[in-house]
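Source file: data11.cif. Holds: mmCIF, C-alpha atoms and all ligand atoms.
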data_model
#
loop_
_atom_site.label_atom_id
_atom_site.label_comp_id
_atom_site.auth_asym_id
_atom_site.auth_seq_id
_atom_site.Cartn_x
_atom_site.Cartn_y
_atom_site.Cartn_z
CA MET A 1 114.62 98.95 131.52
CA GLU A 2 111.27 99.37 129.81
CA LEU A 3 109.58 96.55 127.97
CA ILE A 4 108.08 97.59 124.60
CA ASP A 5 104.76 95.77 124.64
CA GLY A 6 103.96 94.77 121.06
CA ASN A 7 100.71 93.10 122.09
CA ARG A 8 99.40 96.32 123.64
CA ILE A 9 100.51 98.55 120.75
CA ALA A 10 99.15 96.12 118.13
CA ALA A 11 95.83 95.92 120.01
CA ALA A 12 95.56 99.72 119.90
CA ILE A 13 96.13 99.74 116.11
CA ILE A 14 93.60 96.93 115.63
CA ALA A 15 91.04 98.86 117.70
CA GLU A 16 91.64 101.98 115.54
CA LEU A 17 91.17 99.93 112.37
CA LYS A 18 88.01 98.33 113.73
CA THR A 19 86.49 101.77 114.28
CA GLU A 20 87.58 102.86 110.80
CA VAL A 21 86.13 99.77 109.10
CA ALA A 22 82.88 100.05 111.07
CA GLY A 23 82.45 103.47 109.47
CA ILE A 24 82.69 102.06 105.94
CA THR A 25 79.29 101.69 104.34
CA GLY A 26 78.80 99.07 101.61
CA ARG A 27 81.44 96.48 100.78
CA LYS A 28 84.07 96.04 103.47
CA PRO A 29 87.81 95.66 102.75
CA CYS A 30 88.87 92.17 101.71
CA ILE A 31 92.20 90.33 101.95
CA ALA A 32 93.00 87.12 100.11
CA LEU A 33 95.29 84.89 102.18
CA VAL A 34 97.14 82.30 100.12
CA ARG A 35 98.92 79.49 101.96
CA VAL A 36 100.70 76.83 99.93
CA GLY A 37 101.03 73.47 101.72
CA GLU A 38 100.87 72.71 105.43
CA ASP A 39 104.04 74.20 106.94
CA PRO A 40 103.08 74.35 110.66
CA ALA A 41 104.38 77.89 111.25
CA SER A 42 102.55 79.12 108.12
CA VAL A 43 99.34 77.40 109.26
CA SER A 44 99.44 79.28 112.54
CA TYR A 45 100.43 82.63 110.95
CA VAL A 46 97.59 82.48 108.40
CA LYS A 47 95.09 81.49 111.11
CA LYS A 48 96.17 84.49 113.16
CA LYS A 49 95.81 86.81 110.14
CA GLU A 50 92.35 85.40 109.35
CA LYS A 51 91.23 85.83 112.97
CA THR A 52 92.54 89.41 113.21
CA ALA A 53 90.90 90.35 109.89
CA ALA A 54 87.56 89.00 111.16
CA GLU A 55 87.94 90.93 114.43
CA ILE A 56 88.40 94.20 112.49
CA GLY A 57 85.57 93.50 110.03
CA ILE A 58 87.88 92.81 107.08
CA GLU A 59 86.74 89.93 104.89
CA GLY A 60 89.37 87.16 104.73
CA ARG A 61 89.30 84.83 101.73
CA ILE A 62 91.47 81.80 102.29
CA HIS A 63 93.14 79.91 99.45
CA LEU A 64 95.00 76.71 100.32
CA PRO A 65 96.68 75.28 97.23
CA PRO A 66 98.52 71.97 97.70
CA VAL A 67 102.27 71.91 98.34
CA ASP A 68 102.93 70.49 94.84
CA ILE A 69 101.06 73.25 92.99
CA THR A 70 102.94 74.22 89.83
CA PRO A 71 104.36 77.73 89.57
CA ALA A 72 102.06 78.29 86.56
CA ASP A 73 98.97 77.35 88.58
CA LEU A 74 100.03 79.58 91.48
CA PHE A 75 100.59 82.48 89.06
CA ALA A 76 97.14 81.82 87.59
CA LEU A 77 95.59 82.03 91.07
CA ILE A 78 97.41 85.31 91.75
CA ASP A 79 96.30 86.67 88.37
CA ARG A 80 92.67 85.83 89.22
CA LEU A 81 92.97 87.60 92.58
CA ASN A 82 94.69 90.58 90.92
CA ALA A 83 91.72 90.88 88.53
CA ASP A 84 89.01 90.37 91.18
CA PRO A 85 87.50 93.77 92.09
CA GLY A 86 86.21 92.28 95.37
CA VAL A 87 89.76 91.62 96.61
CA ASP A 88 91.73 94.63 97.91
CA GLY A 89 94.84 92.95 99.28
CA ILE A 90 96.72 89.73 98.55
CA LEU A 91 99.07 87.95 100.92
CA VAL A 92 101.04 84.90 99.82
CA GLN A 93 102.44 83.34 102.99
CA SER A 94 106.20 82.88 102.98
CA PRO A 95 108.10 80.53 102.89
CA LEU A 96 106.94 78.88 99.68
CA PRO A 97 108.00 75.35 98.68
CA LYS A 98 111.48 75.17 97.15
CA HIS A 99 110.22 74.54 93.57
CA ILE A 100 108.55 77.96 93.51
CA ASP A 101 110.55 81.14 92.95
CA GLU A 102 109.35 83.29 95.85
CA LEU A 103 110.59 86.55 94.37
CA ALA A 104 108.72 85.85 91.12
CA VAL A 105 105.53 85.32 93.17
CA PHE A 106 106.02 88.58 95.07
CA ARG A 107 106.50 90.36 91.74
CA ARG A 108 103.34 88.80 90.31
CA VAL A 109 101.06 90.37 92.93
CA ALA A 110 99.61 93.62 91.54
CA PRO A 111 101.39 96.54 93.26
CA GLU A 112 98.08 98.12 94.33
CA LYS A 113 97.09 94.86 96.13
CA ASP A 114 100.56 94.08 97.49
CA VAL A 115 99.72 94.51 101.17
CA ASP A 116 102.81 92.49 102.12
CA GLY A 117 104.97 95.18 100.46
CA PHE A 118 107.40 92.79 98.73
CA ASN A 119 106.66 93.81 95.15
CA THR A 120 109.53 95.61 93.36
CA LEU A 121 107.49 98.80 92.95
CA ASN A 122 106.58 99.02 96.63
CA LEU A 123 110.13 98.35 97.80
CA GLY A 124 111.27 101.06 95.35
CA LYS A 125 108.74 103.49 96.81
CA VAL A 126 110.27 102.97 100.26
CA ALA A 127 113.66 103.96 98.80
CA GLN A 128 112.05 107.00 97.15
CA GLU A 129 110.19 107.96 100.35
CA ASP A 130 106.91 107.81 98.41
CA ASP A 131 104.05 107.11 100.82
CA THR A 132 101.59 105.96 98.16
CA GLY A 133 102.97 102.40 98.27
CA PHE A 134 102.89 99.62 100.84
CA VAL A 135 105.68 99.15 103.36
CA ALA A 136 106.48 95.52 104.23
CA CYS A 137 104.62 94.64 107.42
CA THR A 138 107.46 93.66 109.78
CA PRO A 139 109.63 96.73 109.02
CA ALA A 140 106.54 98.97 109.20
CA GLY A 141 105.67 97.34 112.53
CA ILE A 142 109.16 97.99 113.90
CA MET A 143 108.93 101.69 112.98
CA GLU A 144 105.49 101.92 114.58
CA LEU A 145 106.77 100.22 117.76
CA LEU A 146 109.61 102.73 117.96
CA ALA A 147 107.32 105.70 117.31
CA ARG A 148 104.59 104.64 119.73
CA SER A 149 107.09 103.85 122.46
CA GLY A 150 108.70 107.27 122.12
CA THR A 151 111.99 106.48 120.35
CA ASP A 152 112.98 109.14 117.80
CA LEU A 153 115.80 107.92 115.52
CA LYS A 154 117.05 111.40 114.61
CA GLY A 155 120.72 111.68 115.50
CA LYS A 156 120.84 108.05 116.62
CA HIS A 157 123.09 105.30 115.33
CA VAL A 158 120.80 102.48 114.20
CA VAL A 159 122.49 99.13 113.63
CA VAL A 160 120.47 96.54 111.70
CA LEU A 161 121.56 92.91 111.96
CA GLY A 162 120.44 91.15 108.77
CA ARG A 163 119.87 92.31 105.19
CA SER A 164 116.89 90.24 104.03
CA LEU A 165 114.37 91.74 101.63
CA ILE A 166 111.63 91.04 104.17
CA VAL A 167 113.14 92.74 107.23
CA GLY A 168 116.75 93.98 107.21
CA LYS A 169 116.91 96.04 104.00
CA PRO A 170 113.49 97.71 104.22
CA VAL A 171 113.80 98.56 107.92
CA ALA A 172 117.24 100.09 107.24
CA LEU A 173 115.71 102.21 104.44
CA LEU A 174 112.86 103.31 106.70
CA ALA A 175 115.21 104.26 109.53
CA LEU A 176 117.24 106.26 107.01
CA GLN A 177 114.30 108.21 105.56
CA LYS A 178 114.47 111.97 106.02
CA LYS A 179 111.23 112.07 107.97
CA ALA A 180 110.01 112.83 111.46
CA GLY A 181 110.75 109.89 113.75
CA ALA A 182 113.35 108.46 111.32
CA ASN A 183 116.47 110.28 110.06
CA GLY A 184 118.79 107.79 111.74
CA THR A 185 122.40 107.02 110.83
CA VAL A 186 122.22 103.41 109.70
CA THR A 187 124.70 100.54 109.62
CA ILE A 188 123.61 97.20 108.16
CA CYS A 189 125.43 94.01 109.22
CA HIS A 190 125.31 90.55 107.66
CA SER A 191 127.18 87.27 107.58
CA GLY A 192 130.09 88.93 105.74
CA THR A 193 130.56 91.66 108.35
CA SER A 194 133.83 91.56 110.25
CA ASN A 195 134.04 92.38 113.92
CA LEU A 196 130.29 92.52 114.32
CA PRO A 197 130.28 93.09 118.13
CA ALA A 198 132.35 96.29 117.68
CA LEU A 199 129.56 97.63 115.43
CA THR A 200 126.61 96.45 117.51
CA ARG A 201 128.20 98.02 120.61
CA GLN A 202 127.94 101.42 118.87
CA ALA A 203 124.20 101.08 118.39
CA ASP A 204 121.82 103.48 120.10
CA VAL A 205 119.10 101.39 118.50
CA LEU A 206 119.86 97.76 117.64
CA ILE A 207 117.49 95.84 115.37
CA ALA A 208 118.28 92.11 115.30
CA ALA A 209 116.81 90.13 112.39
CA ILE A 210 119.11 87.22 111.61
CA GLY A 211 117.22 84.09 112.66
CA ARG A 212 119.89 82.85 115.11
CA PRO A 213 118.55 82.04 118.59
CA GLU A 214 119.95 84.30 121.31
CA PHE A 215 122.83 85.42 119.07
CA VAL A 216 123.06 88.93 120.54
CA THR A 217 124.68 88.70 123.97
CA ALA A 218 125.29 91.35 126.65
CA ASP A 219 128.87 92.06 125.48
CA MET A 220 127.45 93.14 122.08
CA VAL A 221 125.10 95.82 123.43
CA LYS A 222 125.80 99.39 124.57
CA PRO A 223 124.26 100.13 127.99
CA GLY A 224 121.16 102.29 127.50
CA ALA A 225 120.44 101.02 123.97
CA VAL A 226 116.98 100.38 122.56
CA VAL A 227 116.87 96.78 121.30
CA ILE A 228 114.30 95.46 118.83
CA ASP A 229 114.36 91.68 118.60
CA VAL A 230 112.73 90.53 115.35
CA GLY A 231 113.84 86.89 115.57
CA ILE A 232 111.32 84.11 115.97
CA ASN A 233 113.22 80.87 116.53
CA ARG A 234 111.88 77.51 117.63
CA VAL A 235 114.33 75.91 120.04
CA PRO A 236 113.75 72.26 121.08
CA ASP A 237 112.47 72.12 124.68
CA ALA A 238 111.26 68.84 126.15
CA THR A 239 109.55 70.64 129.05
CA LYS A 240 107.06 72.27 126.66
CA LYS A 241 103.90 70.59 125.38
CA THR A 242 104.80 71.64 121.85
CA GLY A 243 108.34 70.25 122.22
CA TYR A 244 109.85 73.68 121.53
CA ARG A 245 110.03 77.19 122.94
CA LEU A 246 110.09 80.46 121.02
CA THR A 247 113.12 82.64 121.37
CA GLY A 248 114.40 85.75 119.67
CA ASP A 249 117.77 86.65 118.18
CA VAL A 250 118.70 88.36 121.46
CA HIS A 251 119.71 86.67 124.73
CA PHE A 252 116.93 88.43 126.59
CA ALA A 253 117.87 87.46 130.17
CA THR A 254 121.33 89.05 130.02
CA VAL A 255 120.67 91.86 127.51
CA ALA A 256 117.41 93.25 128.93
CA PRO A 257 118.91 94.61 132.19
CA LEU A 258 121.36 96.71 130.11
CA CYS A 259 118.77 98.29 127.83
CA ARG A 260 116.75 101.44 128.01
CA LYS A 261 114.00 99.63 126.11
CA ILE A 262 113.64 96.16 124.61
CA THR A 263 110.98 94.08 122.84
CA PRO A 264 110.20 90.60 124.20
CA VAL A 265 109.77 87.45 122.08
CA PRO A 266 106.97 86.54 121.82
CA GLY A 267 104.89 89.68 122.27
CA GLY A 268 107.15 92.26 120.60
CA VAL A 269 107.47 92.61 116.83
CA GLY A 270 105.33 89.54 115.97
CA PRO A 271 101.89 91.01 116.79
CA MET A 272 102.84 94.26 115.00
CA THR A 273 103.41 92.41 111.71
CA VAL A 274 99.78 91.26 111.67
CA ALA A 275 98.46 94.69 112.69
CA MET A 276 100.39 96.37 109.87
CA LEU A 277 99.07 93.84 107.34
CA MET A 278 95.56 94.87 108.34
CA GLN A 279 96.47 98.55 108.12
CA ASN A 280 97.85 97.99 104.62
CA THR A 281 94.66 96.17 103.61
CA VAL A 282 92.47 99.10 104.69
CA LYS A 283 94.86 101.44 102.85
CA ALA A 284 94.62 99.27 99.70
CA TYR A 285 90.82 99.39 99.93
CA ARG A 286 90.83 103.17 100.28
CA LEU A 287 93.28 103.69 97.41
CA GLN A 288 91.43 101.37 95.02
CA ASN A 289 88.00 102.60 95.91
CA GLN A 290 88.99 106.25 96.47
CA ARG A 291 86.94 106.43 99.67
P1 LIG B 301 116.83 85.61 106.49
O1 LIG B 301 117.35 84.25 106.79
O2 LIG B 301 116.18 85.89 105.18
O3 LIG B 301 118.01 86.67 106.66
C1 LIG B 301 118.90 86.59 107.73
C2 LIG B 301 119.93 87.69 107.62
O4 LIG B 301 120.80 87.58 108.75
C3 LIG B 301 120.80 87.58 106.37
O5 LIG B 301 121.02 88.87 105.84
C4 LIG B 301 122.10 86.97 106.90
O6 LIG B 301 123.25 87.41 106.22
C5 LIG B 301 122.15 87.51 108.31
N1 LIG B 301 122.90 86.60 109.18
C6 LIG B 301 122.67 85.29 109.41
N2 LIG B 301 123.59 84.80 110.28
C7 LIG B 301 124.39 85.83 110.61
C8 LIG B 301 125.51 85.96 111.46
N3 LIG B 301 126.00 84.92 112.16
N4 LIG B 301 126.11 87.16 111.55
C9 LIG B 301 125.64 88.23 110.85
N5 LIG B 301 124.57 88.17 110.03
C10 LIG B 301 123.96 86.98 109.91
O7 LIG B 301 115.86 85.96 107.70
P2 LIG B 301 114.62 86.99 107.81
O8 LIG B 301 115.10 88.38 107.65
O9 LIG B 301 113.49 86.53 106.99
O10 LIG B 301 114.22 86.75 109.34
C11 LIG B 301 115.11 87.03 110.40
C12 LIG B 301 114.47 86.60 111.69
O11 LIG B 301 113.28 87.36 111.90
C13 LIG B 301 114.02 85.14 111.73
O12 LIG B 301 114.15 84.65 113.06
C14 LIG B 301 112.55 85.20 111.37
O13 LIG B 301 111.81 84.12 111.90
C15 LIG B 301 112.16 86.49 112.04
N6 LIG B 301 111.01 87.15 111.42
C16 LIG B 301 110.08 87.61 112.30
C17 LIG B 301 108.97 88.26 111.82
C18 LIG B 301 108.01 88.81 112.82
O14 LIG B 301 106.87 89.04 112.48
N7 LIG B 301 108.43 89.05 114.06
C19 LIG B 301 108.71 88.42 110.39
C20 LIG B 301 109.82 87.98 109.55
C21 LIG B 301 110.91 87.35 110.08
P3 LIG B 301 123.54 87.09 104.66
O15 LIG B 301 122.64 88.04 103.92
O16 LIG B 301 124.95 87.42 104.53
O17 LIG B 301 123.19 85.65 104.46
#

Could you write out this structure as structure tokens?
Ligand code: NDP
Amino acid sequence: MELIDGNRIAAAIIAELKTEVAGITGRKPCIALVRVGEDPASVSYVKKKEKTAAEIGIEGRIHLPPVDITPADLFALIDRLNADPGVDGILVQSPLPKHIDELAVFRRVAPEKDVDGFNTLNLGKVAQEDDTGFVACTPAGIMELLARSGTDLKGKHVVVLGRSLIVGKPVALLALQKKAGANGTVTICHSGTSNLPALTRQADVLIAAIGRPEFVTADMVKPGAVVIDVGINRVPDATKKTGYRLTGDVHFATVAPLCRKITPVPGGVGPMTVAMLMQNTVKAYRLQNQR
């Protein structure tokens, strides 16, 4: 079994971006990070994004509207950022409070600044295999992990657990693309799928993104499979200072010995998501400034 080290691969991408940004003369790329309210996971994700941007030399502008901001005021903020020529990329941290329609917010971000890749146009470009758009960061990170750890999907059966707009659907579309490294045969499973273990057991590459701690057990995995665990779940644990431990959607202890390759949680897909956000920001800067 080989561990796919997301920290190491993300660090390599960040180092490449740092070199690229150092070579930019004049104004550096800039990302606006919008976090609504004080959700603890969002606080830590935005901090990490701010820190990584600074490390690369990308300017991070932080906007922290209160949890009770009206949808109209949030739209107005996004409109201002869309119109600001000094801002190349915009990230609105998910999840948003219940009174705000998240999809409407994703649609409001100008496609050319949509570094999170959730805008309708950018999702459509993934379906059309048009590389001029932005691929959502977690799915892009999964593809990069597979590529950089030497897993070619051509001829492989890829089973995706989960069909969210953020992970499941876009990663399935990427795996399906008729491109080098992709070209997989893809099955997507969800809560309405019957006999799920029979499908997951057929997977040469299994991508688990359902948000259920340690859901994928050894009896659901084909020996020799490559397993990508996207899940980030907080499980109560009194022995930890924080009161919880992080676990994936895969029961790592029993599944890992079966696999050819597997990502750990933490240290697998998570760091890649941030690295790909930074890559998208530099791409947005280049596209908007034609440099
Ligand atoms: P969502 O809750 O939006 O989607 C979960 C998907 O899993 C849905 O399609 C749902 O099916 C399906 N599902 C849920 N339970 C089952 C089940 N018992 N059997 C089969 N399918 C099931 O989650 P996300 O896609 O946003 O996130 C998934 C996980 O990935 C979470 O743990 C999240 O924290 C993590 N994540 C990690 C990131 C990273 O950077 N590493 C980034 C984003 C997410 P249905 O559609 O039928 O409801």

Using all atoms listed in the file, what are the residues with an atom within 8 Å of ligand LIG 301 (chain B), set out as a ChimeraX atom specification?
/A:137-138,161-168,189-193,196,208-213,215,229-233,248-249,268-274

I want to know what sits within 7 Å of range 35-51 of chain A, based on only C-alpha atoms, with residues of the same chain fewer than 6 positions away left out; could you give that as a PDB file with C-alpha atoms, in the frame of the given file?
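So the final result, stored in selection.pdb, reads:
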ATOM      1  CA  GLY A  60      89.370  87.160 104.730  1.00  0.00           C
ATOM      2  CA  HIS A  63      93.140  79.910  99.450  1.00  0.00           C
ATOM      3  CA  LEU A  64      95.000  76.710 100.320  1.00  0.00           C
ATOM      4  CA  PRO A  65      96.680  75.280  97.230  1.00  0.00           C
ATOM      5  CA  PRO A  66      98.520  71.970  97.700  1.00  0.00           C
ATOM      6  CA  VAL A  67     102.270  71.910  98.340  1.00  0.00           C
ATOM      7  CA  VAL A  92     101.040  84.900  99.820  1.00  0.00           C
ATOM      8  CA  GLN A  93     102.440  83.340 102.990  1.00  0.00           C
ATOM      9  CA  LEU A  96     106.940  78.880  99.680  1.00  0.00           C
ATOM     10  CA  VAL A 274      99.780  91.260 111.670  1.00  0.00           C
TER      11      VAL A 274
END

Please report, as CSV, each residue of range 52-100 of chain A lying at most 10 Å from range 23-27 of chain A, together with the nearest pair of atoms and the separation in Å rounded to one decimal; use all atoms listed in the file, and order rows by chain and ascending residue number.
residue,atom,partner,partner_atom,distance
A:Gly57,CA,A:Ile24,CA,9.9
A:Ile58,CA,A:Arg27,CA,9.7
A:Glu59,CA,A:Arg27,CA,9.4
A:Gly86,CA,A:Arg27,CA,8.3

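CA of Asp116 in chain A is positioned 5.2 Å from CA of Ala136 in chain A.
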
Need the axis-aligned box for range 202-212 of chain A with 5 Å each side, so what are the centre and edges in Å to one decimal, as JSON?
{"center_x": 122.4, "center_y": 93.2, "center_z": 115.9, "size_x": 21.1, "size_y": 30.6, "size_z": 18.5}

Here CA of Asp131 in chain A and CA of Ile262 in chain A stand apart by 27.9 Å

Near-Val87 in chain A list (8 Å; all atoms listed in the file; drop same-chain fewer than 4 positions) as a PyMOL selection string
chain A and resi 29-32+81-82

With a distance cut-off of 7 Å and all atoms listed in the file, select the neighbouring residues of range 11-17 of chain A, excluding the residue or stretch itself and same-chain residues fewer than 5 positions from it, and output the selection as a ChimeraX atom specification.
/A:56,275,279

Between CA of Ala127 in chain A and CA of Gly267 in chain A, what is the distance in Å, rounded to a tenth?
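Here the two named atoms are 28.8 Å from each other.
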
Selection near Glu2 in chain A, 8 Å with only C-alpha atoms, sequence-local residues under 3 positions removed, as number ranges by chain:
A: 259-262

Can you put N, CA, C and O atoms back into range 143-154 of chain A and show it as a PDB file, in the frame of the given file?
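Now in selection-v8.pdb:
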ATOM      1  N   MET A 143     108.937 100.229 112.933  1.00  0.00           N
ATOM      2  CA  MET A 143     108.930 101.690 112.980  1.00  0.00           C
ATOM      3  C   MET A 143     107.799 102.203 113.870  1.00  0.00           C
ATOM      4  O   MET A 143     107.956 103.168 114.612  1.00  0.00           O
ATOM      5  N   GLU A 144     106.649 101.532 113.774  1.00  0.00           N
ATOM      6  CA  GLU A 144     105.490 101.920 114.580  1.00  0.00           C
ATOM      7  C   GLU A 144     105.757 101.670 116.070  1.00  0.00           C
ATOM      8  O   GLU A 144     105.406 102.486 116.917  1.00  0.00           O
ATOM      9  N   LEU A 145     106.397 100.529 116.362  1.00  0.00           N
ATOM     10  CA  LEU A 145     106.770 100.220 117.760  1.00  0.00           C
ATOM     11  C   LEU A 145     107.681 101.306 118.316  1.00  0.00           C
ATOM     12  O   LEU A 145     107.504 101.757 119.445  1.00  0.00           O
ATOM     13  N   LEU A 146     108.664 101.700 117.509  1.00  0.00           N
ATOM     14  CA  LEU A 146     109.610 102.730 117.960  1.00  0.00           C
ATOM     15  C   LEU A 146     108.874 104.050 118.182  1.00  0.00           C
ATOM     16  O   LEU A 146     109.026 104.692 119.224  1.00  0.00           O
ATOM     17  N   ALA A 147     108.030 104.423 117.213  1.00  0.00           N
ATOM     18  CA  ALA A 147     107.320 105.700 117.310  1.00  0.00           C
ATOM     19  C   ALA A 147     106.385 105.705 118.522  1.00  0.00           C
ATOM     20  O   ALA A 147     106.394 106.649 119.317  1.00  0.00           O
ATOM     21  N   ARG A 148     105.611 104.654 118.654  1.00  0.00           N
ATOM     22  CA  ARG A 148     104.590 104.640 119.730  1.00  0.00           C
ATOM     23  C   ARG A 148     105.198 104.399 121.112  1.00  0.00           C
ATOM     24  O   ARG A 148     104.513 104.557 122.109  1.00  0.00           O
ATOM     25  N   SER A 149     106.484 103.985 121.136  1.00  0.00           N
ATOM     26  CA  SER A 149     107.090 103.850 122.460  1.00  0.00           C
ATOM     27  C   SER A 149     108.063 105.007 122.722  1.00  0.00           C
ATOM     28  O   SER A 149     108.892 104.958 123.629  1.00  0.00           O
ATOM     29  N   GLY A 150     107.975 106.032 121.855  1.00  0.00           N
ATOM     30  CA  GLY A 150     108.700 107.270 122.120  1.00  0.00           C
ATOM     31  C   GLY A 150     110.180 107.256 121.778  1.00  0.00           C
ATOM     32  O   GLY A 150     110.956 107.968 122.403  1.00  0.00           O
ATOM     33  N   THR A 151     110.577 106.470 120.768  1.00  0.00           N
ATOM     34  CA  THR A 151     111.990 106.480 120.350  1.00  0.00           C
ATOM     35  C   THR A 151     112.121 107.199 119.004  1.00  0.00           C
ATOM     36  O   THR A 151     111.654 106.687 117.981  1.00  0.00           O
ATOM     37  N   ASP A 152     112.737 108.375 119.027  1.00  0.00           N
ATOM     38  CA  ASP A 152     112.980 109.140 117.800  1.00  0.00           C
ATOM     39  C   ASP A 152     114.382 108.767 117.306  1.00  0.00           C
ATOM     40  O   ASP A 152     115.337 108.793 118.086  1.00  0.00           O
ATOM     41  N   LEU A 153     114.499 108.401 116.026  1.00  0.00           N
ATOM     42  CA  LEU A 153     115.800 107.920 115.520  1.00  0.00           C
ATOM     43  C   LEU A 153     116.743 109.051 115.097  1.00  0.00           C
ATOM     44  O   LEU A 153     117.908 108.801 114.793  1.00  0.00           O
ATOM     45  N   LYS A 154     116.227 110.265 115.068  1.00  0.00           N
ATOM     46  CA  LYS A 154     117.050 111.400 114.610  1.00  0.00           C
ATOM     47  C   LYS A 154     118.331 111.511 115.464  1.00  0.00           C
ATOM     48  O   LYS A 154     118.259 111.534 116.704  1.00  0.00           O
TER      49      LYS A 154
END
